[in-house]
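Participant: Pasting start_10.cif here (mmCIF, C-alpha atoms and all ligand atoms; chains and numbers go by the auth columns):
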data_work
loop_
_atom_site.group_PDB
_atom_site.id
_atom_site.type_symbol
_atom_site.label_atom_id
_atom_site.label_comp_id
_atom_site.label_asym_id
_atom_site.label_seq_id
_atom_site.Cartn_x
_atom_site.Cartn_y
_atom_site.Cartn_z
_atom_site.B_iso_or_equiv
_atom_site.auth_seq_id
_atom_site.auth_asym_id
ATOM 1 C CA MET A 1 -4.161 -117.913 -13.911 0.00 1 A
ATOM 2 C CA ASN A 2 -4.615 -117.950 -10.124 0.00 2 A
ATOM 3 C CA ILE A 3 -7.658 -115.995 -8.959 0.00 3 A
ATOM 4 C CA LEU A 4 -8.232 -115.436 -5.270 0.00 4 A
ATOM 5 C CA LEU A 5 -11.860 -114.977 -4.202 0.00 5 A
ATOM 6 C CA ALA A 6 -12.087 -111.930 -1.919 0.00 6 A
ATOM 7 C CA THR A 7 -14.982 -113.257 0.130 0.00 7 A
ATOM 8 C CA GLN A 8 -15.617 -115.509 3.105 0.00 8 A
ATOM 9 C CA ASN A 9 -19.322 -115.881 2.329 0.00 9 A
ATOM 10 C CA LYS A 10 -19.655 -119.663 1.784 0.00 10 A
ATOM 11 C CA ARG A 11 -22.749 -119.303 -0.393 0.00 11 A
ATOM 12 C CA LYS A 12 -21.154 -116.687 -2.628 0.00 12 A
ATOM 13 C CA ILE A 13 -18.069 -118.922 -2.952 0.00 13 A
ATOM 14 C CA GLU A 14 -20.261 -121.873 -4.020 0.00 14 A
ATOM 15 C CA GLU A 15 -22.137 -119.788 -6.571 0.00 15 A
ATOM 16 C CA ILE A 16 -19.054 -118.092 -8.035 0.00 16 A
ATOM 17 C CA THR A 17 -17.015 -121.312 -8.322 0.00 17 A
ATOM 18 C CA ALA A 18 -19.970 -123.147 -9.916 0.00 18 A
ATOM 19 C CA ILE A 19 -20.554 -120.376 -12.467 0.00 19 A
ATOM 20 C CA LEU A 20 -16.842 -120.137 -13.358 0.00 20 A
ATOM 21 C CA SER A 21 -16.301 -123.923 -13.413 0.00 21 A
ATOM 22 C CA SER A 22 -16.506 -123.982 -17.226 0.00 22 A
ATOM 23 C CA LEU A 23 -13.239 -121.991 -17.437 0.00 23 A
ATOM 24 C CA SER A 24 -10.411 -124.527 -17.376 0.00 24 A
ATOM 25 C CA SER A 25 -7.704 -121.859 -17.643 0.00 25 A
ATOM 26 C CA ILE A 26 -8.307 -120.383 -14.195 0.00 26 A
ATOM 27 C CA ASN A 27 -7.511 -121.750 -10.777 0.00 27 A
ATOM 28 C CA ILE A 28 -9.769 -120.379 -8.052 0.00 28 A
ATOM 29 C CA ILE A 29 -8.213 -119.969 -4.628 0.00 29 A
ATOM 30 C CA ILE A 30 -10.338 -119.665 -1.503 0.00 30 A
ATOM 31 C CA PRO A 31 -8.559 -117.696 1.248 0.00 31 A
ATOM 32 C CA SER A 32 -7.992 -119.704 4.417 0.00 32 A
ATOM 33 C CA GLN A 33 -7.744 -116.716 6.762 0.00 33 A
ATOM 34 C CA SER A 34 -10.436 -114.114 7.367 0.00 34 A
ATOM 35 C CA LEU A 35 -10.193 -110.377 6.854 0.00 35 A
ATOM 36 C CA ASP A 36 -12.472 -107.828 8.500 0.00 36 A
ATOM 37 C CA ILE A 37 -13.219 -105.113 5.974 0.00 37 A
ATOM 38 C CA PRO A 38 -15.750 -102.493 7.134 0.00 38 A
ATOM 39 C CA GLU A 39 -18.115 -101.784 4.210 0.00 39 A
ATOM 40 C CA GLY A 40 -20.158 -98.766 5.313 0.00 40 A
ATOM 41 C CA ASP A 41 -22.539 -97.096 2.880 0.00 41 A
ATOM 42 C CA ARG A 42 -20.190 -96.484 -0.007 0.00 42 A
ATOM 43 C CA SER A 43 -21.208 -97.575 -3.508 0.00 43 A
ATOM 44 C CA TYR A 44 -21.122 -101.241 -4.575 0.00 44 A
ATOM 45 C CA ILE A 45 -18.120 -100.583 -6.761 0.00 45 A
ATOM 46 C CA GLU A 46 -16.183 -98.804 -3.996 0.00 46 A
ATOM 47 C CA ASN A 47 -16.943 -101.647 -1.595 0.00 47 A
ATOM 48 C CA ALA A 48 -15.810 -104.231 -4.140 0.00 48 A
ATOM 49 C CA LEU A 49 -12.572 -102.314 -4.765 0.00 49 A
ATOM 50 C CA LEU A 50 -11.955 -101.967 -1.030 0.00 50 A
ATOM 51 C CA LYS A 51 -12.295 -105.749 -0.572 0.00 51 A
ATOM 52 C CA ALA A 52 -10.097 -106.503 -3.602 0.00 52 A
ATOM 53 C CA LYS A 53 -7.340 -104.090 -2.509 0.00 53 A
ATOM 54 C CA ALA A 54 -7.279 -105.444 1.048 0.00 54 A
ATOM 55 C CA TRP A 55 -6.813 -109.029 -0.235 0.00 55 A
ATOM 56 C CA SER A 56 -4.328 -107.896 -2.874 0.00 56 A
ATOM 57 C CA LYS A 57 -2.011 -106.644 -0.110 0.00 57 A
ATOM 58 C CA LEU A 58 -1.930 -110.196 1.302 0.00 58 A
ATOM 59 C CA TYR A 59 -1.693 -111.915 -2.107 0.00 59 A
ATOM 60 C CA PRO A 60 0.256 -109.445 -4.314 0.00 60 A
ATOM 61 C CA ASP A 61 0.993 -112.035 -7.038 0.00 61 A
ATOM 62 C CA HIS A 62 -2.637 -113.058 -7.536 0.00 62 A
ATOM 63 C CA TYR A 63 -5.588 -111.739 -9.461 0.00 63 A
ATOM 64 C CA ILE A 64 -8.292 -110.889 -6.908 0.00 64 A
ATOM 65 C CA LEU A 65 -12.003 -111.360 -7.593 0.00 65 A
ATOM 66 C CA ALA A 66 -14.431 -109.398 -5.393 0.00 66 A
ATOM 67 C CA ASP A 67 -18.233 -109.327 -5.411 0.00 67 A
ATOM 68 C CA ASP A 68 -20.392 -106.639 -3.847 0.00 68 A
ATOM 69 C CA SER A 69 -24.112 -107.044 -4.101 0.00 69 A
ATOM 70 C CA GLY A 70 -27.440 -105.907 -2.727 0.00 70 A
ATOM 71 C CA LEU A 71 -31.206 -105.926 -3.039 0.00 71 A
ATOM 72 C CA GLU A 72 -33.060 -102.788 -4.187 0.00 72 A
ATOM 73 C CA VAL A 73 -36.799 -102.374 -3.620 0.00 73 A
ATOM 74 C CA PHE A 74 -38.579 -99.841 -5.849 0.00 74 A
ATOM 75 C CA ALA A 75 -41.235 -98.796 -3.295 0.00 75 A
ATOM 76 C CA LEU A 76 -38.568 -98.197 -0.642 0.00 76 A
ATOM 77 C CA ASP A 77 -36.495 -95.762 -2.724 0.00 77 A
ATOM 78 C CA ASN A 78 -34.107 -98.619 -3.583 0.00 78 A
ATOM 79 C CA ALA A 79 -33.447 -99.638 0.044 0.00 79 A
ATOM 80 C CA PRO A 80 -31.780 -101.661 1.449 0.00 80 A
ATOM 81 C CA GLY A 81 -29.333 -101.372 -1.509 0.00 81 A
ATOM 82 C CA VAL A 82 -25.681 -101.074 -0.667 0.00 82 A
ATOM 83 C CA ILE A 83 -26.367 -101.730 3.046 0.00 83 A
ATOM 84 C CA SER A 84 -28.323 -104.965 2.387 0.00 84 A
ATOM 85 C CA ALA A 85 -25.964 -106.987 4.606 0.00 85 A
ATOM 86 C CA GLU A 86 -26.613 -104.634 7.544 0.00 86 A
ATOM 87 C CA TYR A 87 -30.250 -103.580 6.933 0.00 87 A
ATOM 88 C CA ALA A 88 -31.580 -104.766 10.323 0.00 88 A
ATOM 89 C CA GLY A 89 -28.276 -104.086 12.114 0.00 89 A
ATOM 90 C CA LYS A 90 -24.619 -105.081 11.783 0.00 90 A
ATOM 91 C CA ASN A 91 -24.982 -108.426 13.568 0.00 91 A
ATOM 92 C CA ALA A 92 -28.560 -109.193 12.531 0.00 92 A
ATOM 93 C CA THR A 93 -29.451 -112.592 11.080 0.00 93 A
ATOM 94 C CA HIS A 94 -30.798 -113.147 7.547 0.00 94 A
ATOM 95 C CA GLN A 95 -34.181 -113.800 9.168 0.00 95 A
ATOM 96 C CA GLU A 96 -34.120 -110.405 10.912 0.00 96 A
ATOM 97 C CA HIS A 97 -33.296 -108.659 7.610 0.00 97 A
ATOM 98 C CA ILE A 98 -36.194 -110.491 5.955 0.00 98 A
ATOM 99 C CA ASP A 99 -38.621 -109.632 8.772 0.00 99 A
ATOM 100 C CA LYS A 100 -37.678 -105.953 8.630 0.00 100 A
ATOM 101 C CA LEU A 101 -38.177 -105.829 4.860 0.00 101 A
ATOM 102 C CA LEU A 102 -41.546 -107.611 4.932 0.00 102 A
ATOM 103 C CA LEU A 103 -42.701 -105.207 7.660 0.00 103 A
ATOM 104 C CA ALA A 104 -41.565 -102.186 5.640 0.00 104 A
ATOM 105 C CA LEU A 105 -43.655 -103.470 2.710 0.00 105 A
ATOM 106 C CA THR A 106 -46.858 -104.094 4.704 0.00 106 A
ATOM 107 C CA ASP A 107 -49.858 -102.931 2.602 0.00 107 A
ATOM 108 C CA ILE A 108 -47.582 -101.957 -0.323 0.00 108 A
ATOM 109 C CA THR A 109 -48.768 -103.507 -3.576 0.00 109 A
ATOM 110 C CA ASN A 110 -45.851 -102.522 -5.837 0.00 110 A
ATOM 111 C CA ARG A 111 -43.267 -105.069 -4.729 0.00 111 A
ATOM 112 C CA SER A 112 -40.829 -104.703 -7.653 0.00 112 A
ATOM 113 C CA ALA A 113 -37.237 -105.358 -6.693 0.00 113 A
ATOM 114 C CA LEU A 114 -33.895 -106.263 -8.165 0.00 114 A
ATOM 115 C CA PHE A 115 -30.694 -107.878 -7.027 0.00 115 A
ATOM 116 C CA ILE A 116 -27.469 -106.232 -8.207 0.00 116 A
ATOM 117 C CA SER A 117 -23.996 -107.755 -8.293 0.00 117 A
ATOM 118 C CA TYR A 118 -20.766 -106.007 -9.099 0.00 118 A
ATOM 119 C CA ILE A 119 -17.898 -108.326 -9.941 0.00 119 A
ATOM 120 C CA LEU A 120 -14.459 -106.743 -9.834 0.00 120 A
ATOM 121 C CA LEU A 121 -11.157 -108.279 -10.924 0.00 121 A
ATOM 122 C CA LEU A 122 -7.961 -106.611 -9.706 0.00 122 A
ATOM 123 C CA SER A 123 -4.716 -107.654 -11.412 0.00 123 A
ATOM 124 C CA PRO A 124 -1.335 -107.880 -9.623 0.00 124 A
ATOM 125 C CA GLN A 125 -0.505 -104.633 -11.473 0.00 125 A
ATOM 126 C CA GLN A 126 -3.638 -103.079 -9.892 0.00 126 A
ATOM 127 C CA GLU A 127 -5.559 -102.900 -13.180 0.00 127 A
ATOM 128 C CA ILE A 128 -9.321 -103.036 -12.645 0.00 128 A
ATOM 129 C CA PHE A 129 -12.049 -104.820 -14.610 0.00 129 A
ATOM 130 C CA PHE A 130 -15.633 -104.752 -13.398 0.00 130 A
ATOM 131 C CA SER A 131 -19.044 -105.838 -14.611 0.00 131 A
ATOM 132 C CA ARG A 132 -22.570 -105.550 -13.222 0.00 132 A
ATOM 133 C CA GLY A 133 -25.459 -107.978 -13.343 0.00 133 A
ATOM 134 C CA GLU A 134 -29.105 -107.620 -12.357 0.00 134 A
ATOM 135 C CA CYS A 135 -31.903 -110.027 -11.512 0.00 135 A
ATOM 136 C CA TYR A 136 -35.428 -108.546 -11.583 0.00 136 A
ATOM 137 C CA GLY A 137 -38.412 -109.805 -9.635 0.00 137 A
ATOM 138 C CA ASN A 138 -40.829 -109.123 -6.798 0.00 138 A
ATOM 139 C CA ILE A 139 -40.747 -109.340 -3.020 0.00 139 A
ATOM 140 C CA THR A 140 -43.228 -112.008 -1.931 0.00 140 A
ATOM 141 C CA THR A 141 -45.622 -111.525 1.002 0.00 141 A
ATOM 142 C CA LYS A 142 -44.497 -114.771 2.646 0.00 142 A
ATOM 143 C CA GLN A 143 -41.125 -116.454 2.600 0.00 143 A
ATOM 144 C CA SER A 144 -40.638 -119.760 0.837 0.00 144 A
ATOM 145 C CA GLY A 145 -37.798 -122.218 0.220 0.00 145 A
ATOM 146 C CA ASN A 146 -34.683 -123.220 2.123 0.00 146 A
ATOM 147 C CA LYS A 147 -31.956 -123.017 -0.516 0.00 147 A
ATOM 148 C CA GLY A 148 -29.718 -120.055 -1.352 0.00 148 A
ATOM 149 C CA PHE A 149 -29.000 -117.373 1.247 0.00 149 A
ATOM 150 C CA GLY A 150 -29.834 -113.843 2.373 0.00 150 A
ATOM 151 C CA TYR A 151 -33.057 -112.473 0.919 0.00 151 A
ATOM 152 C CA ASP A 152 -33.583 -115.449 -1.448 0.00 152 A
ATOM 153 C CA PRO A 153 -36.688 -116.769 0.422 0.00 153 A
ATOM 154 C CA ILE A 154 -38.646 -113.543 -0.291 0.00 154 A
ATOM 155 C CA PHE A 155 -37.441 -112.785 -3.846 0.00 155 A
ATOM 156 C CA ALA A 156 -39.452 -114.223 -6.739 0.00 156 A
ATOM 157 C CA PRO A 157 -37.561 -113.721 -10.028 0.00 157 A
ATOM 158 C CA LEU A 158 -39.492 -112.758 -13.180 0.00 158 A
ATOM 159 C CA GLN A 159 -38.044 -115.721 -15.097 0.00 159 A
ATOM 160 C CA PHE A 160 -40.047 -118.121 -12.931 0.00 160 A
ATOM 161 C CA ASN A 161 -43.262 -116.094 -13.299 0.00 161 A
ATOM 162 C CA ASN A 162 -43.262 -115.002 -9.657 0.00 162 A
ATOM 163 C CA GLN A 163 -44.264 -118.563 -8.741 0.00 163 A
ATOM 164 C CA GLN A 164 -41.058 -119.534 -6.937 0.00 164 A
ATOM 165 C CA THR A 165 -38.529 -117.684 -4.823 0.00 165 A
ATOM 166 C CA LEU A 166 -34.776 -117.951 -5.404 0.00 166 A
ATOM 167 C CA ALA A 167 -34.717 -120.166 -2.285 0.00 167 A
ATOM 168 C CA ASP A 168 -37.142 -122.610 -3.983 0.00 168 A
ATOM 169 C CA LEU A 169 -34.859 -122.979 -7.010 0.00 169 A
ATOM 170 C CA THR A 170 -32.044 -125.487 -7.354 0.00 170 A
ATOM 171 C CA PRO A 171 -28.526 -123.976 -7.295 0.00 171 A
ATOM 172 C CA GLU A 172 -28.333 -124.689 -11.063 0.00 172 A
ATOM 173 C CA GLN A 173 -31.561 -122.773 -11.696 0.00 173 A
ATOM 174 C CA LYS A 174 -30.484 -119.795 -9.566 0.00 174 A
ATOM 175 C CA ASN A 175 -27.038 -119.790 -11.198 0.00 175 A
ATOM 176 C CA SER A 176 -28.617 -119.591 -14.662 0.00 176 A
ATOM 177 C CA ILE A 177 -30.543 -116.335 -14.000 0.00 177 A
ATOM 178 C CA SER A 178 -28.942 -114.575 -11.056 0.00 178 A
ATOM 179 C CA HIS A 179 -27.360 -111.128 -10.858 0.00 179 A
ATOM 180 C CA ARG A 180 -24.078 -112.874 -9.967 0.00 180 A
ATOM 181 C CA TYR A 181 -24.320 -115.126 -13.039 0.00 181 A
ATOM 182 C CA LYS A 182 -24.879 -112.122 -15.290 0.00 182 A
ATOM 183 C CA ALA A 183 -21.968 -110.127 -13.834 0.00 183 A
ATOM 184 C CA LEU A 184 -19.697 -113.188 -14.062 0.00 184 A
ATOM 185 C CA THR A 185 -20.667 -113.678 -17.710 0.00 185 A
ATOM 186 C CA GLY A 186 -19.116 -110.250 -18.340 0.00 186 A
ATOM 187 C CA LEU A 187 -15.979 -111.390 -16.543 0.00 187 A
ATOM 188 C CA LYS A 188 -15.809 -114.595 -18.615 0.00 188 A
ATOM 189 C CA ASP A 189 -15.956 -112.529 -21.823 0.00 189 A
ATOM 190 C CA TYR A 190 -13.177 -110.274 -20.503 0.00 190 A
ATOM 191 C CA LEU A 191 -10.964 -113.254 -19.603 0.00 191 A
ATOM 192 C CA GLN A 192 -11.389 -114.557 -23.149 0.00 192 A
ATOM 193 C CA TYR A 193 -10.510 -111.110 -24.468 0.00 193 A
ATOM 194 C CA ILE A 194 -7.252 -110.983 -22.497 0.00 194 A
ATOM 195 C CA LYS A 195 -6.588 -114.576 -23.647 0.00 195 A
ATOM 196 C CA VAL A 196 -6.590 -116.257 -20.273 0.00 196 A
HETATM 197 P P1 LIG B . -22.197 -107.972 0.409 0.00 201 A
HETATM 198 O O1 LIG B . -22.122 -108.149 -1.067 0.00 201 A
HETATM 199 O O2 LIG B . -21.262 -108.852 1.149 0.00 201 A
HETATM 200 O O3 LIG B . -22.161 -106.529 0.816 0.00 201 A
HETATM 201 O O4 LIG B . -23.620 -108.508 0.887 0.00 201 A
HETATM 202 C C1 LIG B . -24.775 -108.142 0.247 0.00 201 A
HETATM 203 C C2 LIG B . -25.977 -108.654 0.971 0.00 201 A
HETATM 204 O O5 LIG B . -27.016 -108.648 -0.018 0.00 201 A
HETATM 205 C C3 LIG B . -25.866 -110.102 1.450 0.00 201 A
HETATM 206 O O6 LIG B . -25.504 -110.209 2.780 0.00 201 A
HETATM 207 C C4 LIG B . -27.280 -110.589 1.263 0.00 201 A
HETATM 208 O O7 LIG B . -28.056 -110.243 2.376 0.00 201 A
HETATM 209 C C5 LIG B . -27.759 -109.803 0.050 0.00 201 A
HETATM 210 N N1 LIG B . -27.540 -110.599 -1.169 0.00 201 A
HETATM 211 C C6 LIG B . -26.583 -110.434 -2.131 0.00 201 A
HETATM 212 N N2 LIG B . -26.690 -111.370 -3.083 0.00 201 A
HETATM 213 C C7 LIG B . -27.721 -112.152 -2.702 0.00 201 A
HETATM 214 C C8 LIG B . -28.296 -113.315 -3.283 0.00 201 A
HETATM 215 O O8 LIG B . -27.871 -113.850 -4.313 0.00 201 A
HETATM 216 N N3 LIG B . -29.338 -113.818 -2.619 0.00 201 A
HETATM 217 C C9 LIG B . -29.837 -113.274 -1.473 0.00 201 A
HETATM 218 N N4 LIG B . -29.318 -112.219 -0.874 0.00 201 A
HETATM 219 C C10 LIG B . -28.256 -111.649 -1.494 0.00 201 A
#
Would you encode the structure as structure tokens?
Ligand code: IMP

Facilitator:
Amino acid sequence: MNILLATQNKRKIEEITAILSSLSSINIIIPSQSLDIPEGDRSYIENALLKAKAWSKLYPDHYILADDSGLEVFALDNAPGVISAEYAGKNATHQEHIDKLLLALTDITNRSALFISYILLLSPQQEIFFSRGECYGNITTKQSGNKGFGYDPIFAPLQFNNQQTLADLTPEQKNSISHRYKALTGLKDYLQYIKV
């Protein structure tokens, strides 16, 4: 089965291909061209479907795998959430998103947060499968680590006792607990179910 990844985010591609590498029956295709898909503030699932449908038009014979994800902070009414990629502005850097979030949490002691990933598979017949994964933790007061991407340097997952951020972990460690790993586990079960 050929599955096209509906993303140009290099880090997401690395994580998704590593997590799915145990499935010998699928062939993951990374698109060579880029596609500008405005996300806006729709829901994760709508954004994922939008991405999948746009790529499906270009690759009608392929299964399309889309991921939409975000970081939700309890004390900020679940912001930045679905607009995580544009929290500090459309063209802002990861560092600017991090700075804005740390500033918003100044003097706030409840720093509970979770990452959410929706994984959506669209078949050539336009049938939809989706699954959701979460990773719970806390926003740190200072950033740490240089691995991963996005908000990883300020997110300390519960599984590592709030001692390390996702950016301190090895890719293997992050890929064994992450929101993306959990959502992709649902997809792996589904692929077994449909006998891929
Ligand atoms: P989107 O899924 O392309 O809309 O992007 C979601 C945004 O959430 C990314 O640009 C990151 O800023 C953030 N994000 C999603 N997953 C992760 C992750 O695993 N680590 C760090 N940040 C993430």

Participant: For each of A:Leu102, A:Ile116, A:Leu191, A:Val196, take the minimum atom-to-atom distance to Asp67 (chain A), counting all atoms listed in the file, then give the residue where this is smallest.

Facilitator: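 Closest candidate: A:Ile116.
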
Participant: Spell out the residues picked by the PyMOL selection byres (((not hetatm)) within 7 of (chain A and resi 201)) here, as a short mmCIF file (atom, residue, chain, number, x, y, z; two decimals) with C-alpha atoms, in the frame of the given file.

Facilitator:
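After the write, part05.cif holds the following:
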data_model
loop_
_atom_site.label_atom_id
_atom_site.label_comp_id
_atom_site.auth_asym_id
_atom_site.auth_seq_id
_atom_site.Cartn_x
_atom_site.Cartn_y
_atom_site.Cartn_z
CA ASP A 67 -18.23 -109.33 -5.41
CA ASP A 68 -20.39 -106.64 -3.85
CA SER A 69 -24.11 -107.04 -4.10
CA GLY A 70 -27.44 -105.91 -2.73
CA LEU A 71 -31.21 -105.93 -3.04
CA VAL A 82 -25.68 -101.07 -0.67
CA ILE A 83 -26.37 -101.73 3.05
CA SER A 84 -28.32 -104.96 2.39
CA ALA A 85 -25.96 -106.99 4.61
CA HIS A 94 -30.80 -113.15 7.55
CA PHE A 115 -30.69 -107.88 -7.03
CA SER A 117 -24.00 -107.76 -8.29
CA GLY A 148 -29.72 -120.06 -1.35
CA PHE A 149 -29.00 -117.37 1.25
CA GLY A 150 -29.83 -113.84 2.37
CA TYR A 151 -33.06 -112.47 0.92
CA ASP A 152 -33.58 -115.45 -1.45
CA SER A 178 -28.94 -114.58 -11.06
CA ARG A 180 -24.08 -112.87 -9.97
#

Participant: With 9 Å as the cut-off and only C-alpha atoms counted, what is the closest atom pair between each nearby residue of region 4-89 of chain A and region 126-129 of chain A? Distances in Å to one decimal, ordered by chain and number, as a Markdown table.

Facilitator:
| residue | atom | partner | partner_atom | distance |
| --- | --- | --- | --- | --- |
| A:Leu49 | CA | A:Ile128 | CA | 8.6 |
| A:Lys53 | CA | A:Gln126 | CA | 8.3 |
| A:Ser56 | CA | A:Gln126 | CA | 8.5 |
| A:Tyr63 | CA | A:Gln126 | CA | 8.9 |

Participant: Under the rule that all atoms listed in the file are counted, which of A:Asn78, A:Ser123, A:Gln159, A:Asn91 is the nearest residue to Leu4 (chain A)?

Facilitator: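 Using all atoms listed in the file, Leu4 (chain A) sits closest to A:Ser123.
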
Participant: Provide the CA of Lys57 (chain A) to CA of Ile3 (chain A) distance in Å, to one decimal place.

Facilitator: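 It comes out at 14.1 Å.
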
Participant: Between A:Thr185, A:Asn146, A:Asn27, A:Asn2, which has the minimum distance to Asp168 (chain A) (counting all atoms listed in the file)?

Facilitator: A:Asn146

Participant: Within 12 Å of (-40.3, -121.4, -5.2), only C-alpha atoms: residues as a ChimeraX atom specification?

Facilitator: /A:140,142-148,152-170,173-174

Participant: Between CA of Val73 (chain A) and CA of Leu101 (chain A), what distance in Å does the model show, to one decimal?

Facilitator: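 For CA of Val73 (chain A) relative to CA of Leu101 (chain A), the distance reads 9.3 Å.
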
Participant: What does the distance from CA of Leu184 (chain A) to CA of Ile119 (chain A) come to in Å, to one decimal?

Facilitator: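 Taking CA of Leu184 (chain A) as the start and CA of Ile119 (chain A) as the end point, the length is 6.6 Å.
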
Participant: Find the residue from A:Glu172, A:Asp99, A:Glu134, A:Asp189 that sits nearest to Glu14 (chain A); use all atoms listed in the file when measuring.

Facilitator: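 Closest residue, counting all atoms listed in the file: A:Glu172.
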
Participant: Can you list what the PyMOL selection byres (((chain A and resi 113) around 6) and not hetatm) grabs from this structure, as a ChimeraX atom specification?

Facilitator: /A:72-74,112,114,137-138

Participant: Pick from A:Thr109, A:Cys135, A:Ala18, A:Ile26: nearest to Ile177 (chain A), with all atoms listed in the file counted?

Facilitator: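 Between A:Thr109, A:Cys135, A:Ala18, A:Ile26, the residue approaching Ile177 (chain A) most closely is A:Cys135.
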
Participant: Between A:Ser176, A:Ala75, A:Lys182, A:Ser32, single out the one closest to Trp55 (chain A), counting all atoms listed in the file.

Facilitator: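 So, comparing all the options, the nearest one is A:Ser32.
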
Participant: Around all of region 167-172 of chain A's listed atoms, make the axis-aligned box with 3 Å on each side and tell me centre and edge lengths in Å to one decimal, as lines of an AutoDock Vina configuration file.

Facilitator:
center_x = -32.7
center_y = -122.8
center_z = -6.7
size_x = 14.8
size_y = 11.3
size_z = 14.8

Participant: For Thr17 (chain A), work out the shell of residues within 12 Å, counting all atoms listed in the file and skipping chain neighbours fewer than 2 positions away, then give it as a PyMOL selection string.

Facilitator: chain A and resi 3-5+7+10-15+19-24+26-30+65+171+175+180-181+184
